[in-house]
Amino acid sequence: MRIPRLTHGCSVVAVMCFAAVAAGQGAPLTLELIMQDPDWIGNSPQGVYWSDDGEAVYYELKRVGSPLRDLYRVTLDGETVLIADEDLGDAHERGGDWSQDRSRKVFSRNGDVFLSMVESGDVIQLTRTNSAESSPFFMDDETFIAFRRGGDWFVRDLATGLEYQPFEVRATKDPDEDDKKDHGYVDAQQERLFDIIKKREREDEERKSRQEELRLADATRADKPWYLGDKVVIAGTDLSPRGDAMLVRTTPKSHKDGKRDLMPVWVNEEGYVENREVRTLVGTGEPEPHSVLLLKADGRETIAIDFTKLPMIDDDPLAELRAIADAKKKEAAEKAKLEKEADTEVSSDDESSDAEVETSSDSSNGDDESADEKKDEKKSKPHKRTVSTFGVQWNDAGTKVAFWARANDNKDRWLCVVDVESGELTVAEHLRDEAWINWAFNQFGWMPDNESLWLLSERTGYSHLYLASADGESLRALTEGDWEVRDVTRSHDGSRLWISASREHPGRDDLYEIDVASGDMARLSSLVGRNRFEISPDEEHVLVTHSSPLSPPDVYVQPLIPGGRATRLTSTVSEEFLAIEWAEPELVEVASSNSEQPIFARVYTPDEDAPGADADGRRPAVMFVHGAGYLQNAHFGWSTYFREFMFHSLLTQLGYVVIDMDYRASAGYGRDWRTAIYRRMGEPELEDFIDGVDWLIANKNVDPDRIGVYGGSYGGFMTFMALFREPDLFACGAALRPVTDWAHYNHGYTSNILNTPDIDPEAYERSSPIEFAGGLSSPVLICHGMVDDNVFFKDTVRLAQRLIELQKEDWEVAIYPVEPHGFREPSSWLDEYRRILKLFEENLKD
C-alpha cells in the first residue's frame, strides 16, 4: 500500500464514469459535479418565519452565484412573491414582543425599532438612527416600550413620543463620593491655610445640593447615573417590564482570558504575511466570573445577589484531581531541586569555597522552605468556584427575574430566581453532572401565573420537560423516557406546551402537544424526517421546515391538530439534483460491545453488479466519521454533510460500502452516550468503530483488509486515533482539519470533557493523537486549511514534525492556503476529495 501522489491529469474521473454506468444509477457522478458550488443543488429557504397575521410565511433565498440573499413571502395557498427592495420596510419580522391582546408586535430590524399593527398590517417605524437599537418589548401597561440602544436601555411613550433612560449604569467611580474622600495632610492643610479653598468647596456643595433638589422636584429631569466602581466591566443588563428594576451582570476588570495565539495569513491583498490574533488555548485563562446586582429605582437600592447560597457551590467536584496534580507538581519540584543541588556541588578540596557554598546553600534552603510553606498554605485553601450567568428572563409582572448560573468548571447548573421586593435568591432547579453539563438543553420560560417556570433538564439522563415553582419547592416532570425533548413553545394562555422530541426514534423530530393540567401528550406532526417547527401567531397552524435523507429542507404548513395534512409551500431543489439516483442510506442499529444501547449508523450499499468485489464477493468499505463529537448524523433528514453524502453515493457506484456512525459522544442518545468520553476522548469512539467494522464484515460481506476511514475536525482526530491506536483496523485513512493535541484547542469545548491540562494532564495525554503517533503503520493523508482559526494549522504542523522525528513513512500533508476550518472554495473541496478518492482507490482495491 502507498500514499497517493496526486496527478491532476489522472484517470479517476474515467473510472467513476464507468462505475456509474455499470451500476445503472442514471447520470454518472463525478467529483467535479459534487464539489462545485452547491448552488447547483438548489438553495433551501433560510430564516423561515410567520407573518404577524399568520396568513403567510417569509423566508430568504440565496442568489445563485452570489452570497446575497433575497426575502420572499408565500401565502398558505402557495402564492409566492419576491419582496422588492422598496417594500422591505413594510415586511414583517421574525421575533419581537407581542402585546397581551396579540394586536401589536414590537421588533427591531437593521438596528431600528418598529411597531407592527396586526389587524391593519401596517408597520410603523419608531426609530431611525445610526445607533444599534435592539431587544424591544412592551412595558407592563403597554403604553410604553423599552429597547436597548448600544449598551443602555431606553423607554418610549407610544402616546407622546417621550423617550427616557430609566437606568444609566456606569462602570466608573461615583465622582461625588470620590470628592468626599480624605486625601491626606496636604489636602487638609490647604483648607486650613486658605479661606478661598473653603469658600469654593462650600459653593460647589451648594450647587450640587441645589441640582439634586431640582432633579427630585422637576419630573422632566433625568435620573442620575448608577456608578458601579472602576474595578468591574458590565457584562449585561436586563430591564424589568415595570421599568423599576434592572439586573446587572459584571465581571472583574482584572480578569484575563489567557494569551492569544497567532495565525499567519499567507495569501492576502497586501502580499505580506499577516499575523492575526486568534483564540486562547484551553486552561490558559478562566471563563469570565460573574457577579449579579439588582438595582431598584425605589430608594436607589443596590442588592448584590448572594451566590454562596447556591446548592453545592462549595463542593469542588475537581478537588481530588487538584490534590493529585498538586502532589505531582510538588514531587516534580522536589526532584528538580535535588537535581539542581547535585549539579552545584563543588570539589571538597576547596574548603573555603565549600564553606561559602554551604552557607549560601543553607540560607537559600531556608528561603526555599519559606516559599514552599507559603505555596502549601495557598494550596491548602479550598478552591473558590466561580459562575457565569446567561439567559435572563423577567416574569410578565416584573416581580421576579430568572437566569441560569453555570459553574465555570462545567459541573453545575442552577436556574436562579430573584425576588425583586426582597432581593432574595432561590433556586428553581439544580443540576450536577460529574462529567459536564450539556448546554444543548437550556431552554426555560415563565408560565402566565408569574410564579412557575417550564424548563428542560437532563437530570434523568435524557432531556425532558419540567414545571418548577419559582421558590424551588416543587418540580414536576411533564415528559419521561429514553428519548429527548429538543425544543419547547408555550401557548399564549399557558394551558399547552408544544415540544419537538425524538420519542418515536432518535433520528426523528416530531411535534407533540402537552396539556399542562393533565400531562396528556399527543403527536401532531406527520412528516418523517428532520423537522423544525414554528407555531403560528394564532396557534392554528404549524410551520415545518422539513428534510429527508435525499432531499434538502423545504417549507410545509400543517393544521395544529393530530393527523393534520402537511402542505408543501416551497420546492427549491434543482431538477438537475432530482434527476440523479442518489444512494439512499439505510438507518441501522449496530450492536455495541460496550453499551446496552445500539450504535445508530447510516449505511450506503452498492448495487450487486457494482465493481470492486473480489473473487469471493467481498467488498471494500469506507467509514466516515462525523465532526464536532456532539453531533447527530444518523437520522432521517438531510445531512449537513451534504458533500460527503454525495461522495458516498459516488463511492457506492465504485463498489464501496460506506458506514457513518453516531459513535459514543454523539448527540441524540442521552447523557451517558454523550459523557462516555469524559477524560478519555478517542477510546469509547474507537471501541464503537471496532463494532462497526465487525458489523460490516458480518452484514455487508466486507473484506476486513480493505476498509478505509476518513473525517474532518473531530472526525480527523478520530481518524488519527484509529490509525495510531488500532493499526490493523483500517488499511488507510484521511484526516481533514484534525485536532492532534487537545492542549492546543479552545477552553469552552475542551475543558468540558478533559478538564484543564494543569488539573488533569493524564486526560490530555490519554486523548491526544500526537501522543500515539508511533503506532502509525498505514498510509494517511492529512488535509488542513492554513487560516483555520478553529483547529489551528499548527496542529498539523506539530504532528508532521513528530512523524518526521519518528521516521514514519506513507503520510502526506495537503495544505490549503486560503481555507478556514470549513472550506469555502469549490476548487479546494475538489482538490481535497480527489486526494481522498485516490487514497482509497490505491489502497482498498485489489
# chains A, B, ... in the order shown; residues from 1 in each chain; ligands from 1
>>> residues_around(residues="stretch 213-228 of chain A", least_positions_apart="3", cutoff="10 Å", atoms="only C-alpha atoms", output="VMD selection string")
chain A and resid 164 to 175 177 207 to 210 231 to 234 248 250 293 295 297 300 302
>>> residues_around(residues="stretch 431-448 of chain A", least_positions_apart="3", cutoff="8 Å", atoms="only C-alpha atoms", output="MDAnalysis selection string")
chainID A and resid 317 393:396 410:414 451:459 463 486:488 493:494 671 675 678 752:753
>>> residues_around(residues="A:Thr719", least_positions_apart="2", cutoff="7 Å", atoms="only C-alpha atoms", output="CSV table (one decimal) with N, CA, C and O atoms, in the first residue's frame")
chain,number,residue,atom,x,y,z
A,709,VAL,N,-10.8,4.8,6.4
A,709,VAL,CA,-11.5,5.7,7.3
A,709,VAL,C,-11.2,7.2,7.0
A,709,VAL,O,-10.1,7.4,6.5
A,710,TYR,N,-12.2,8.1,7.1
A,710,TYR,CA,-11.9,9.5,6.9
A,710,TYR,C,-12.9,10.3,7.7
A,710,TYR,O,-14.0,9.9,8.0
A,711,GLY,N,-12.5,11.6,8.0
A,711,GLY,CA,-13.4,12.5,8.6
A,711,GLY,C,-12.7,13.8,8.9
A,711,GLY,O,-11.4,13.9,8.8
A,715,GLY,N,-13.7,14.3,13.4
A,715,GLY,CA,-13.5,13.1,12.6
A,715,GLY,C,-12.1,12.9,12.2
A,715,GLY,O,-11.6,11.7,12.0
A,716,GLY,N,-11.4,14.0,11.9
A,716,GLY,CA,-9.9,13.9,11.7
A,716,GLY,C,-9.2,13.4,12.9
A,716,GLY,O,-8.2,12.5,12.8
A,717,PHE,N,-9.5,13.9,14.1
A,717,PHE,CA,-9.0,13.5,15.3
A,717,PHE,C,-9.2,11.9,15.5
A,717,PHE,O,-8.2,11.2,15.8
A,721,MET,N,-6.7,8.6,15.8
A,721,MET,CA,-6.7,7.7,17.0
A,721,MET,C,-6.9,6.3,16.5
A,721,MET,O,-6.3,5.3,17.1
A,722,ALA,N,-7.7,6.1,15.5
A,722,ALA,CA,-7.9,4.7,14.9
A,722,ALA,C,-6.6,4.2,14.3
A,722,ALA,O,-6.2,3.1,14.6
A,723,LEU,N,-5.9,5.0,13.5
A,723,LEU,CA,-4.7,4.6,12.8
A,723,LEU,C,-3.6,4.4,13.7
A,723,LEU,O,-2.7,3.5,13.6
A,733,GLY,N,-6.3,6.0,5.8
A,733,GLY,CA,-7.2,7.0,6.3
A,733,GLY,C,-6.8,8.4,5.9
A,733,GLY,O,-5.7,8.7,5.5
A,734,ALA,N,-7.9,9.3,5.9
A,734,ALA,CA,-7.7,10.7,5.6
A,734,ALA,C,-8.2,11.5,6.7
A,734,ALA,O,-9.4,11.4,7.1
A,735,ALA,N,-7.3,12.3,7.3
A,735,ALA,CA,-7.6,13.2,8.5
A,735,ALA,C,-7.7,14.6,8.0
A,735,ALA,O,-6.7,15.2,7.5
>>> select_by_dssp(residues="stretch 59-296 of chain A", states="helix (DSSP H, G or I)", output="PyMOL selection string")
chain A and resi 85-90+175-179+185-193+195-217
>>> residues_around(residues="A:His505", least_positions_apart="4", cutoff="12 Å", atoms="only C-alpha atoms", output="count of residues only")
20
>>> atom_distance(atom1="atom CA of A:Ala159", atom2="atom CA of A:Glu119")
19.1 Å
>>> atom_distance(atom1="atom CA of A:Asn130", atom2="atom CA of A:Asn110")
9.6 Å
>>> select_by_dssp(residues="stretch 18-169 of chain A", states="strand (DSSP E)", output="count of residues only")
60
>>> residues_around(residues="A:Tyr714", least_positions_apart="2", cutoff="12 Å", atoms="only C-alpha atoms", output="ChimeraX atom specification")
/A:624-631,663,665-666,681-682,685,710-712,716-721,735-742,745,749-750,767-769,790-791,821
>>> closest_residue(among="A:Asp112, A:Asp788, A:Asp53, A:Glu504", to="A:His92", atoms="only C-alpha atoms")
A:Asp53
